[in-house]
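The data block below is model-v1.txt; it holds compact mmCIF, C-alpha atoms and all ligand atoms.
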```
# COMPACT_ATOMS: atom_id res chain seq x y z
CA MET C 1 0.00 0.00 0.00
CA ALA C 2 2.02 2.96 1.33
CA LEU C 3 2.36 5.66 -1.36
CA VAL C 4 -1.12 6.57 -2.56
CA PRO C 5 -2.35 9.31 -4.90
CA THR C 6 -4.00 12.08 -2.89
CA LYS C 7 -7.07 11.83 -5.13
CA GLN C 8 -7.72 8.36 -3.76
CA ILE C 9 -7.19 9.34 -0.13
CA LEU C 10 -9.59 12.26 -0.55
CA GLU C 11 -12.24 10.35 -2.45
CA GLU C 12 -12.28 7.71 0.30
CA ALA C 13 -12.60 10.50 2.86
CA ARG C 14 -15.46 12.10 0.94
CA LYS C 15 -17.31 8.81 0.65
CA GLU C 16 -17.04 8.20 4.40
CA GLY C 17 -17.52 11.84 5.46
CA TYR C 18 -14.26 12.47 7.29
CA GLY C 19 -11.44 14.97 6.77
CA VAL C 20 -7.75 14.29 6.17
CA GLY C 21 -5.10 16.62 7.54
CA ALA C 22 -2.29 17.61 5.18
CA TYR C 23 0.65 18.39 7.42
CA ASN C 24 3.59 20.51 6.27
CA VAL C 25 7.08 19.13 6.82
CA ASN C 26 10.59 20.54 6.62
CA ASN C 27 12.71 18.01 8.48
CA MET C 28 13.04 14.46 9.79
CA GLU C 29 11.50 15.04 13.22
CA GLN C 30 8.32 16.53 11.74
CA ILE C 31 7.94 13.61 9.35
CA GLN C 32 8.52 11.06 12.11
CA ALA C 33 6.07 12.82 14.42
CA ILE C 34 3.29 12.83 11.85
CA MET C 35 3.89 9.21 10.88
CA ALA C 36 3.91 8.12 14.54
CA ALA C 37 0.53 9.82 14.97
CA ALA C 38 -0.83 8.16 11.80
CA LYS C 39 0.37 4.78 13.06
CA GLU C 40 -1.04 5.27 16.53
CA THR C 41 -4.47 6.31 15.20
CA GLN C 42 -4.38 4.14 12.03
CA SER C 43 -5.04 7.15 9.81
CA PRO C 44 -4.34 7.81 6.15
CA VAL C 45 -2.11 10.86 5.93
CA ILE C 46 -0.90 13.54 3.53
CA ILE C 47 2.59 14.85 4.20
CA GLN C 48 3.26 17.98 2.23
CA ALA C 49 6.33 20.04 1.41
CA SER C 50 6.00 23.61 0.22
CA ARG C 51 8.19 24.75 -2.64
CA GLY C 52 10.05 26.81 -0.02
CA ALA C 53 10.64 23.73 2.12
CA LEU C 54 11.93 21.76 -0.87
CA LYS C 55 14.26 24.59 -1.82
CA TYR C 56 15.52 24.87 1.77
CA SER C 57 16.44 21.17 1.75
CA ASN C 58 17.93 21.27 -1.75
CA PHE C 59 14.96 19.09 -2.86
CA THR C 60 16.58 15.68 -2.56
CA TYR C 61 17.03 15.68 1.23
CA LEU C 62 13.39 16.32 2.03
CA GLY C 63 12.17 14.15 -0.83
CA TYR C 64 14.11 11.16 0.49
CA LEU C 65 13.02 11.76 4.09
CA MET C 66 9.41 11.74 2.91
CA LYS C 67 10.04 8.52 0.99
CA ALA C 68 11.44 7.01 4.19
CA ALA C 69 8.06 7.69 5.83
CA VAL C 70 6.39 5.63 3.12
CA VAL C 71 8.89 2.78 3.36
CA GLU C 72 8.75 2.65 7.16
CA ASN C 73 4.95 2.53 7.35
CA PRO C 74 3.64 0.01 4.83
CA GLU C 75 0.25 -0.29 6.54
CA ILE C 76 -0.49 3.46 6.35
CA PRO C 77 -1.77 5.11 3.13
CA VAL C 78 0.59 8.05 2.65
CA ALA C 79 0.48 10.78 0.01
CA MET C 80 3.55 12.88 -0.71
CA HIS C 81 2.24 16.27 -1.79
CA LEU C 82 3.79 19.45 -3.17
CA ASP C 83 2.19 22.41 -1.40
CA HIS C 84 1.88 25.74 -3.27
CA GLY C 85 3.75 24.81 -6.42
CA ASN C 86 3.61 27.88 -8.63
CA SER C 87 4.97 26.75 -11.99
CA LEU C 88 5.15 23.68 -14.18
CA GLU C 89 8.87 23.62 -13.33
CA SER C 90 8.20 23.27 -9.58
CA VAL C 91 5.68 20.52 -10.28
CA VAL C 92 8.09 18.60 -12.53
CA LYS C 93 10.74 18.69 -9.79
CA ALA C 94 8.31 17.25 -7.22
CA ILE C 95 7.10 14.54 -9.59
CA ASP C 96 10.71 13.62 -10.34
CA LEU C 97 11.20 13.19 -6.59
CA GLY C 98 8.31 10.71 -6.51
CA PHE C 99 5.49 12.88 -5.12
CA SER C 100 2.01 11.40 -5.57
CA SER C 101 0.27 14.76 -5.80
CA VAL C 102 0.99 18.39 -6.49
CA MET C 103 -0.70 21.70 -5.90
CA ILE C 104 -0.49 24.31 -8.59
CA ASP C 105 -1.31 27.61 -6.96
CA GLY C 106 -2.26 29.69 -9.97
CA SER C 107 -4.37 32.01 -7.83
CA LEU C 108 -1.28 34.24 -7.68
CA MET C 109 1.19 35.19 -10.36
CA ASP C 110 4.60 33.52 -10.12
CA ASP C 111 5.88 36.43 -7.98
CA GLY C 112 3.73 34.78 -5.25
CA LYS C 113 2.00 38.11 -4.48
CA THR C 114 -0.03 39.53 -7.34
CA VAL C 115 -3.52 38.09 -7.78
CA SER C 116 -3.67 36.35 -11.16
CA THR C 117 -6.38 36.48 -13.78
CA TYR C 118 -8.84 33.62 -14.12
CA GLU C 119 -7.42 32.88 -17.57
CA TYR C 120 -3.85 32.64 -16.23
CA ASN C 121 -5.00 30.26 -13.50
CA VAL C 122 -6.88 28.03 -15.96
CA LYS C 123 -3.98 27.91 -18.36
CA ILE C 124 -1.26 27.01 -15.84
CA THR C 125 -3.51 24.54 -14.02
CA ARG C 126 -4.44 22.79 -17.23
CA SER C 127 -0.81 22.39 -18.24
CA VAL C 128 -0.05 20.83 -14.83
CA VAL C 129 -3.07 18.50 -15.04
CA GLU C 130 -1.92 17.23 -18.43
CA TYR C 131 1.63 16.63 -17.20
CA ALA C 132 0.70 15.12 -13.82
CA HIS C 133 -2.18 12.87 -14.88
CA ALA C 134 0.00 11.29 -17.55
CA ARG C 135 2.26 10.23 -14.67
CA GLY C 136 -0.47 9.06 -12.27
CA VAL C 137 -0.11 12.13 -10.05
CA SER C 138 -3.10 14.02 -8.58
CA VAL C 139 -3.51 17.79 -8.89
CA GLU C 140 -4.90 20.36 -6.46
CA ALA C 141 -5.52 23.91 -7.66
CA GLU C 142 -6.81 27.06 -5.99
CA ILE C 143 -9.42 29.60 -6.89
CA GLY C 144 -9.86 32.72 -4.75
CA THR C 145 -7.05 33.88 -2.46
CA LEU C 146 -6.31 33.54 1.23
CA GLY C 147 -5.20 36.37 3.46
CA GLY C 148 -1.90 36.38 5.30
CA LEU C 149 1.56 36.84 3.90
CA GLU C 150 3.76 34.02 5.09
CA ASP C 151 7.24 33.66 3.70
CA GLY C 152 6.18 34.55 0.18
CA VAL C 153 2.98 32.49 0.20
CA GLY C 154 -0.20 34.55 -0.03
CA SER C 155 -1.26 37.90 -1.44
CA GLY C 156 -2.04 39.40 1.96
CA LYS C 157 -5.65 39.97 0.84
CA ILE C 158 -8.63 37.67 1.03
CA HIS C 159 -10.71 37.22 -2.12
CA LEU C 160 -13.44 34.72 -1.32
CA THR C 161 -13.99 32.11 -4.00
CA ASP C 162 -16.78 32.89 -6.46
CA PRO C 163 -18.82 29.62 -6.58
CA GLN C 164 -19.73 30.04 -10.24
CA GLU C 165 -16.10 30.61 -11.13
CA ALA C 166 -15.15 27.50 -9.13
CA GLU C 167 -17.63 25.41 -11.13
CA ASN C 168 -16.30 26.70 -14.47
CA PHE C 169 -12.69 26.26 -13.32
CA VAL C 170 -13.17 22.59 -12.42
CA LYS C 171 -14.80 21.89 -15.79
CA GLU C 172 -12.14 23.74 -17.75
CA THR C 173 -9.09 22.27 -15.99
CA GLY C 174 -9.92 18.66 -15.02
CA VAL C 175 -8.30 19.24 -11.62
CA ASP C 176 -8.72 16.55 -8.88
CA SER C 177 -9.30 18.76 -5.84
CA LEU C 178 -9.95 22.45 -5.32
CA ALA C 179 -8.64 24.79 -2.64
CA ILE C 180 -11.15 27.52 -1.92
CA ALA C 181 -11.07 30.76 0.03
CA ILE C 182 -13.83 31.13 2.62
CA GLY C 183 -12.04 33.48 5.00
CA THR C 184 -8.97 31.62 6.28
CA SER C 185 -5.39 32.94 6.10
CA HIS C 186 -2.01 31.34 6.44
CA GLY C 187 -0.12 31.87 9.68
CA ALA C 188 -1.01 32.46 13.33
CA TYR C 189 -2.99 35.70 12.96
CA LYS C 190 -6.04 34.72 10.96
CA PHE C 191 -8.81 36.85 12.43
CA LYS C 192 -9.11 40.14 14.30
CA ARG C 193 -11.31 38.85 17.11
CA GLU C 194 -12.77 35.44 16.41
CA GLU C 195 -13.17 32.97 13.59
CA ASN C 196 -15.28 34.29 10.75
CA LEU C 197 -15.67 31.75 7.95
CA ASP C 198 -18.25 32.02 5.18
CA PHE C 199 -20.00 28.66 5.30
CA ASP C 200 -22.64 29.85 2.79
CA VAL C 201 -19.96 30.19 0.14
CA LEU C 202 -18.73 26.69 1.03
CA LYS C 203 -22.25 25.24 0.73
CA LYS C 204 -22.79 26.92 -2.62
CA ILE C 205 -19.45 25.63 -3.97
CA ARG C 206 -20.20 22.12 -2.69
CA SER C 207 -23.51 22.15 -4.55
CA LEU C 208 -21.79 23.10 -7.81
CA ILE C 209 -18.61 20.97 -7.88
CA ASP C 210 -18.15 17.25 -7.44
CA ILE C 211 -14.47 16.94 -6.44
CA PRO C 212 -12.86 17.10 -2.97
CA ILE C 213 -12.55 20.58 -1.45
CA VAL C 214 -9.37 21.76 0.30
CA LEU C 215 -9.07 24.29 3.10
CA HIS C 216 -5.72 26.06 3.41
CA GLY C 217 -4.87 28.16 6.45
CA ALA C 218 -6.67 25.69 8.70
CA SER C 219 -4.48 25.74 11.80
CA SER C 220 -6.36 26.22 15.06
CA VAL C 221 -3.55 28.09 16.86
CA PRO C 222 -4.36 26.37 20.21
CA LYS C 223 -4.25 28.76 23.14
CA GLU C 224 -2.10 26.43 25.26
CA LEU C 225 0.59 26.38 22.57
CA VAL C 226 0.59 30.17 22.27
CA ASP C 227 0.66 30.45 26.09
CA ASN C 228 3.66 28.09 26.19
CA MET C 229 5.42 30.07 23.48
CA ASN C 230 4.98 33.24 25.52
CA LYS C 231 5.80 31.55 28.83
CA TYR C 232 9.15 30.33 27.53
CA GLY C 233 10.36 33.59 26.06
CA GLY C 234 8.36 33.85 22.82
CA LYS C 235 6.36 36.84 21.72
CA MET C 236 2.97 36.15 20.18
CA ALA C 237 0.18 38.58 20.91
CA GLY C 238 -3.30 38.26 19.42
CA ALA C 239 -2.80 34.98 17.56
CA ILE C 240 -6.15 33.47 16.50
CA GLY C 241 -6.83 30.33 14.43
CA VAL C 242 -9.77 28.29 13.18
CA PRO C 243 -11.49 26.48 16.08
CA ILE C 244 -11.68 22.70 15.76
CA ALA C 245 -15.50 22.93 15.88
CA SER C 246 -15.47 25.15 12.77
CA LEU C 247 -13.22 22.69 10.97
CA GLN C 248 -15.59 19.88 11.90
CA GLU C 249 -18.48 21.94 10.49
CA ALA C 250 -16.46 22.56 7.31
CA ILE C 251 -15.83 18.80 6.99
CA LYS C 252 -19.57 18.17 7.37
CA LEU C 253 -20.23 20.71 4.63
CA GLY C 254 -17.79 19.06 2.23
CA VAL C 255 -14.17 19.94 3.01
CA SER C 256 -11.95 16.84 2.69
CA LYS C 257 -8.35 18.13 2.98
CA ILE C 258 -7.31 20.35 5.85
CA ASN C 259 -3.93 22.07 5.56
CA VAL C 260 -1.96 22.50 8.77
CA ASP C 261 1.47 24.03 9.10
CA THR C 262 1.37 26.79 11.72
CA ASP C 263 0.15 24.54 14.57
CA GLY C 264 3.05 22.17 13.95
CA ARG C 265 5.49 25.06 14.03
CA LEU C 266 4.00 26.23 17.32
CA ALA C 267 4.12 22.79 18.95
CA ILE C 268 7.75 22.31 17.96
CA THR C 269 8.99 25.76 18.86
CA ALA C 270 7.17 25.86 22.21
CA ALA C 271 8.71 22.49 23.16
CA ILE C 272 12.20 23.60 22.12
CA ARG C 273 11.85 26.88 24.01
CA LYS C 274 10.79 24.97 27.14
CA VAL C 275 13.82 22.66 27.08
CA LEU C 276 16.27 25.46 26.41
CA MET C 277 14.81 27.68 29.11
CA GLU C 278 14.44 25.00 31.78
CA THR C 279 17.77 23.27 31.09
CA PRO C 280 20.13 25.90 29.68
CA GLU C 281 23.08 23.55 30.09
CA LYS C 282 21.82 21.25 27.30
CA PHE C 283 23.33 21.54 23.86
CA ASP C 284 22.72 18.20 22.15
CA PRO C 285 20.11 18.85 19.41
CA ARG C 286 18.45 15.53 20.28
CA ASP C 287 17.66 16.89 23.74
CA TYR C 288 15.31 19.49 22.28
CA LEU C 289 14.37 17.99 18.90
CA GLY C 290 13.23 14.77 20.62
CA PRO C 291 10.71 16.52 22.91
CA ALA C 292 9.64 18.70 19.97
CA ARG C 293 8.92 15.55 17.94
CA THR C 294 6.86 14.12 20.81
CA ALA C 295 4.89 17.38 21.21
CA LEU C 296 4.10 17.49 17.49
CA SER C 297 3.01 13.87 17.44
CA GLU C 298 0.62 14.43 20.35
CA LEU C 299 -0.90 17.40 18.54
CA ILE C 300 -1.39 15.47 15.30
CA VAL C 301 -3.03 12.56 17.15
CA LEU C 302 -5.65 15.03 18.44
CA LYS C 303 -6.21 16.39 14.94
CA MET C 304 -6.55 12.94 13.38
CA LYS C 305 -9.19 12.10 15.96
CA ALA C 306 -10.98 15.47 15.61
CA PHE C 307 -11.08 15.35 11.78
CA GLY C 308 -12.41 11.77 11.89
CA THR C 309 -9.36 10.38 10.05
CA ALA C 310 -8.52 7.93 12.85
CA GLY C 311 -9.25 4.28 12.10
CA HIS C 312 -9.48 4.76 8.32
CA ALA C 313 -6.10 3.35 7.26
CA LYS C 314 -7.01 0.62 4.82
CA ASP C 315 -5.50 -0.78 1.65
CA TYR C 316 -7.01 1.11 -1.26
CA ALA C 317 -3.88 1.87 -3.28
CA PRO C 318 -4.07 1.25 -7.04
CA LYS C 319 -2.61 -2.21 -7.77
CA SER C 320 -2.01 -1.88 -11.50
CA LEU C 321 -1.60 0.62 -14.27
CA GLU C 322 -5.23 -0.07 -15.21
CA ASP C 323 -6.35 0.84 -11.65
CA MET C 324 -4.29 3.99 -11.89
CA LYS C 325 -5.82 4.92 -15.25
CA LYS C 326 -9.32 4.46 -13.85
CA LEU C 327 -8.51 6.97 -11.13
CA TYR C 328 -8.11 9.83 -13.56
CA THR C 329 -11.38 9.79 -15.42
CA VAL C 330 -11.79 13.59 -15.36
CA GLN C 331 -11.09 14.89 -18.82
CA VAL C 332 -10.09 18.36 -19.88
CA VAL C 333 -13.27 19.40 -21.62
CA GLU C 334 -12.27 22.56 -23.39
CA LYS C 335 -9.04 23.40 -25.15
CA MET C 336 -7.46 26.80 -24.70
CA ASP C 337 -4.74 28.29 -26.87
O1 LIG G 401 0.96 27.52 2.96
C1 LIG G 401 2.06 27.79 3.38
C2 LIG G 401 2.78 26.88 4.27
O2 LIG G 401 2.63 27.30 5.59
C3 LIG G 401 4.20 26.74 3.84
O3 LIG G 401 4.98 27.77 4.29
O4 LIG G 401 6.39 28.41 2.31
O5 LIG G 401 7.09 28.93 4.66
O6 LIG G 401 7.16 26.59 3.83
P1 LIG G 401 6.51 27.94 3.74
P1 LIG G 402 -1.71 27.31 8.41
O1 LIG G 402 -0.79 28.49 8.33
O2 LIG G 402 -3.06 27.71 8.94
O3 LIG G 402 -1.16 26.17 9.13
O4 LIG G 402 -1.98 26.83 6.90
C1 LIG G 402 -1.06 26.00 6.26
C2 LIG G 402 -1.36 25.83 4.82
O5 LIG G 402 -2.37 26.22 4.30
C3 LIG G 402 -0.33 25.14 4.03
O6 LIG G 402 -0.62 25.13 2.68
ZN ZN G 403 -1.57 26.93 1.97
```
If you convert what's in this file into structure tokens, what do you get?
Amino acid sequence: MALVPTKQILEEARKEGYGVGAYNVNNMEQIQAIMAAAKETQSPVIIQASRGALKYSNFTYLGYLMKAAVVENPEIPVAMHLDHGNSLESVVKAIDLGFSSVMIDGSLMDDGKTVSTYEYNVKITRSVVEYAHARGVSVEAEIGTLGGLEDGVGSGKIHLTDPQEAENFVKETGVDSLAIAIGTSHGAYKFKREENLDFDVLKKIRSLIDIPIVLHGASSVPKELVDNMNKYGGKMAGAIGVPIASLQEAIKLGVSKINVDTDGRLAITAAIRKVLMETPEKFDPRDYLGPARTALSELIVLKMKAFGTAGHAKDYAPKSLEDMKKLYTVQVVEKMD
């Protein structure tokens, strides 16, 4: 089983009505923590690397660490996903590394900041779909933009997804899953006071499209993690995320993939801060990376239970080329120049 196209993981989730977390990774401890949680809860899992994370690791290092997760956990369906790819070139690199799915974020121009035109988004997404599907790889695209400007990802402005545009986009591109904007942002400062998601937009989109829906910027920014950050010398005022109850509502209304990066960063950094503050004599990286790995794993276990992923690890990987071909039945319906 092991490496599974994301399309399959998400279609299973949709059928059964649960959500699957897609957890961002940069290093070995994060990957191990997420896989330990998946094993403990018997959950399918999506591990995702942003294009920034791949660049940071010179591509091969992170790619091989992610492959190790697949090899080490044969009973867990794992997808290796490129998060926020922004060009065919970035997608090709990920596919060469063995990723089973890619995101093409054509909602922004390739400067990562300027909001793109609909036509640009359709064109780049379609070229990625053609390349990826021919290689058995699933494609996520985005329509609408999130708020929050995190390390070059995001325009800083929220443009909620237009449901009609979403419907047309899916038909014109043949994409496998669609990231939508309903009010979330990347990072730890998502809302001014409290969560404010537009579930009506979500319902409308769900009624118009028949592929899995993805929610980016879905970290909950748990208060205890922020408190620990601040207690051990950090500085985070006014951080607010998406409450778990809102994510559960979103799952009920049709969201299948829930992107989480910030919460993992918080769990890790709070644990490292604690060790370094309480035991300043320590200097072996394992003395703080070990507890950080444990803290992240505990957090992911909670998420897997809350999203309903727990207990759904079963063998549904394609067994042959024919199975794989059947997976990608969505055709590009309209040709563009
Ligand atoms: O969606 C953005 C993720 O949090 C990835 O962030 O580009 O800093 O790796 P990054
Ligand atoms: P958070 O910043 O809310 O964790 O979102 C992560 C994300 O969307 C990765 O693509
Ligand atoms: Zn994102």
Using only C-alpha atoms, determine which residues lie at most 7 Å from Tyr232 of chain C, disregarding the query and same-chain residues fewer than 4 positions distant; provide the list as number ranges by chain.
C: 228, 273-274, 277
Between C:Leu178, C:Ala313, C:Met324, C:Ile143, which residue has the minimum interatomic distance to Ser116 of chain C, considering only C-alpha atoms?
C:Ile143
At most 8 Å from ligand LIG 402 (chain G) (all atoms listed in the file): residue list as an mmCIF file with C-alpha atoms, in the coordinates of the input:
```cif
data_model
loop_
_atom_site.group_PDB
_atom_site.id
_atom_site.type_symbol
_atom_site.label_atom_id
_atom_site.label_comp_id
_atom_site.auth_asym_id
_atom_site.auth_seq_id
_atom_site.Cartn_x
_atom_site.Cartn_y
_atom_site.Cartn_z
ATOM 1 C CA ALA C 22 -2.290 17.610 5.180
ATOM 2 C CA TYR C 23 0.650 18.390 7.420
ATOM 3 C CA ASN C 24 3.590 20.510 6.270
ATOM 4 C CA SER C 50 6.000 23.610 0.220
ATOM 5 C CA ASP C 83 2.190 22.410 -1.400
ATOM 6 C CA HIS C 84 1.880 25.740 -3.270
ATOM 7 C CA GLU C 150 3.760 34.020 5.090
ATOM 8 C CA THR C 184 -8.970 31.620 6.280
ATOM 9 C CA SER C 185 -5.390 32.940 6.100
ATOM 10 C CA HIS C 186 -2.010 31.340 6.440
ATOM 11 C CA GLY C 187 -0.120 31.870 9.680
ATOM 12 C CA ALA C 188 -1.010 32.460 13.330
ATOM 13 C CA LYS C 190 -6.040 34.720 10.960
ATOM 14 C CA LEU C 215 -9.070 24.290 3.100
ATOM 15 C CA HIS C 216 -5.720 26.060 3.410
ATOM 16 C CA GLY C 217 -4.870 28.160 6.450
ATOM 17 C CA ALA C 218 -6.670 25.690 8.700
ATOM 18 C CA SER C 219 -4.480 25.740 11.800
ATOM 19 C CA SER C 220 -6.360 26.220 15.060
ATOM 20 C CA VAL C 221 -3.550 28.090 16.860
ATOM 21 C CA GLY C 241 -6.830 30.330 14.430
ATOM 22 C CA VAL C 242 -9.770 28.290 13.180
ATOM 23 C CA ILE C 258 -7.310 20.350 5.850
ATOM 24 C CA ASN C 259 -3.930 22.070 5.560
ATOM 25 C CA VAL C 260 -1.960 22.500 8.770
ATOM 26 C CA ASP C 261 1.470 24.030 9.100
ATOM 27 C CA THR C 262 1.370 26.790 11.720
ATOM 28 C CA ASP C 263 0.150 24.540 14.570
ATOM 29 C CA GLY C 264 3.050 22.170 13.950
#
```
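Distance-wise, atom CA of Tyr120 of chain C and atom CA of Gly85 of chain C end up 14.7 Å apart.
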If you take every atom of segment 238-255 of chain C that the file lists and fit an axis-aligned box around them with 4 Å extra on each side, what centre and edge lengths come out in Å to one decimal, as lines of an AutoDock Vina configuration file?
```
center_x = -11.5
center_y = 28.2
center_z = 10.8
size_x = 25.4
size_y = 28.1
size_z = 25.2
```
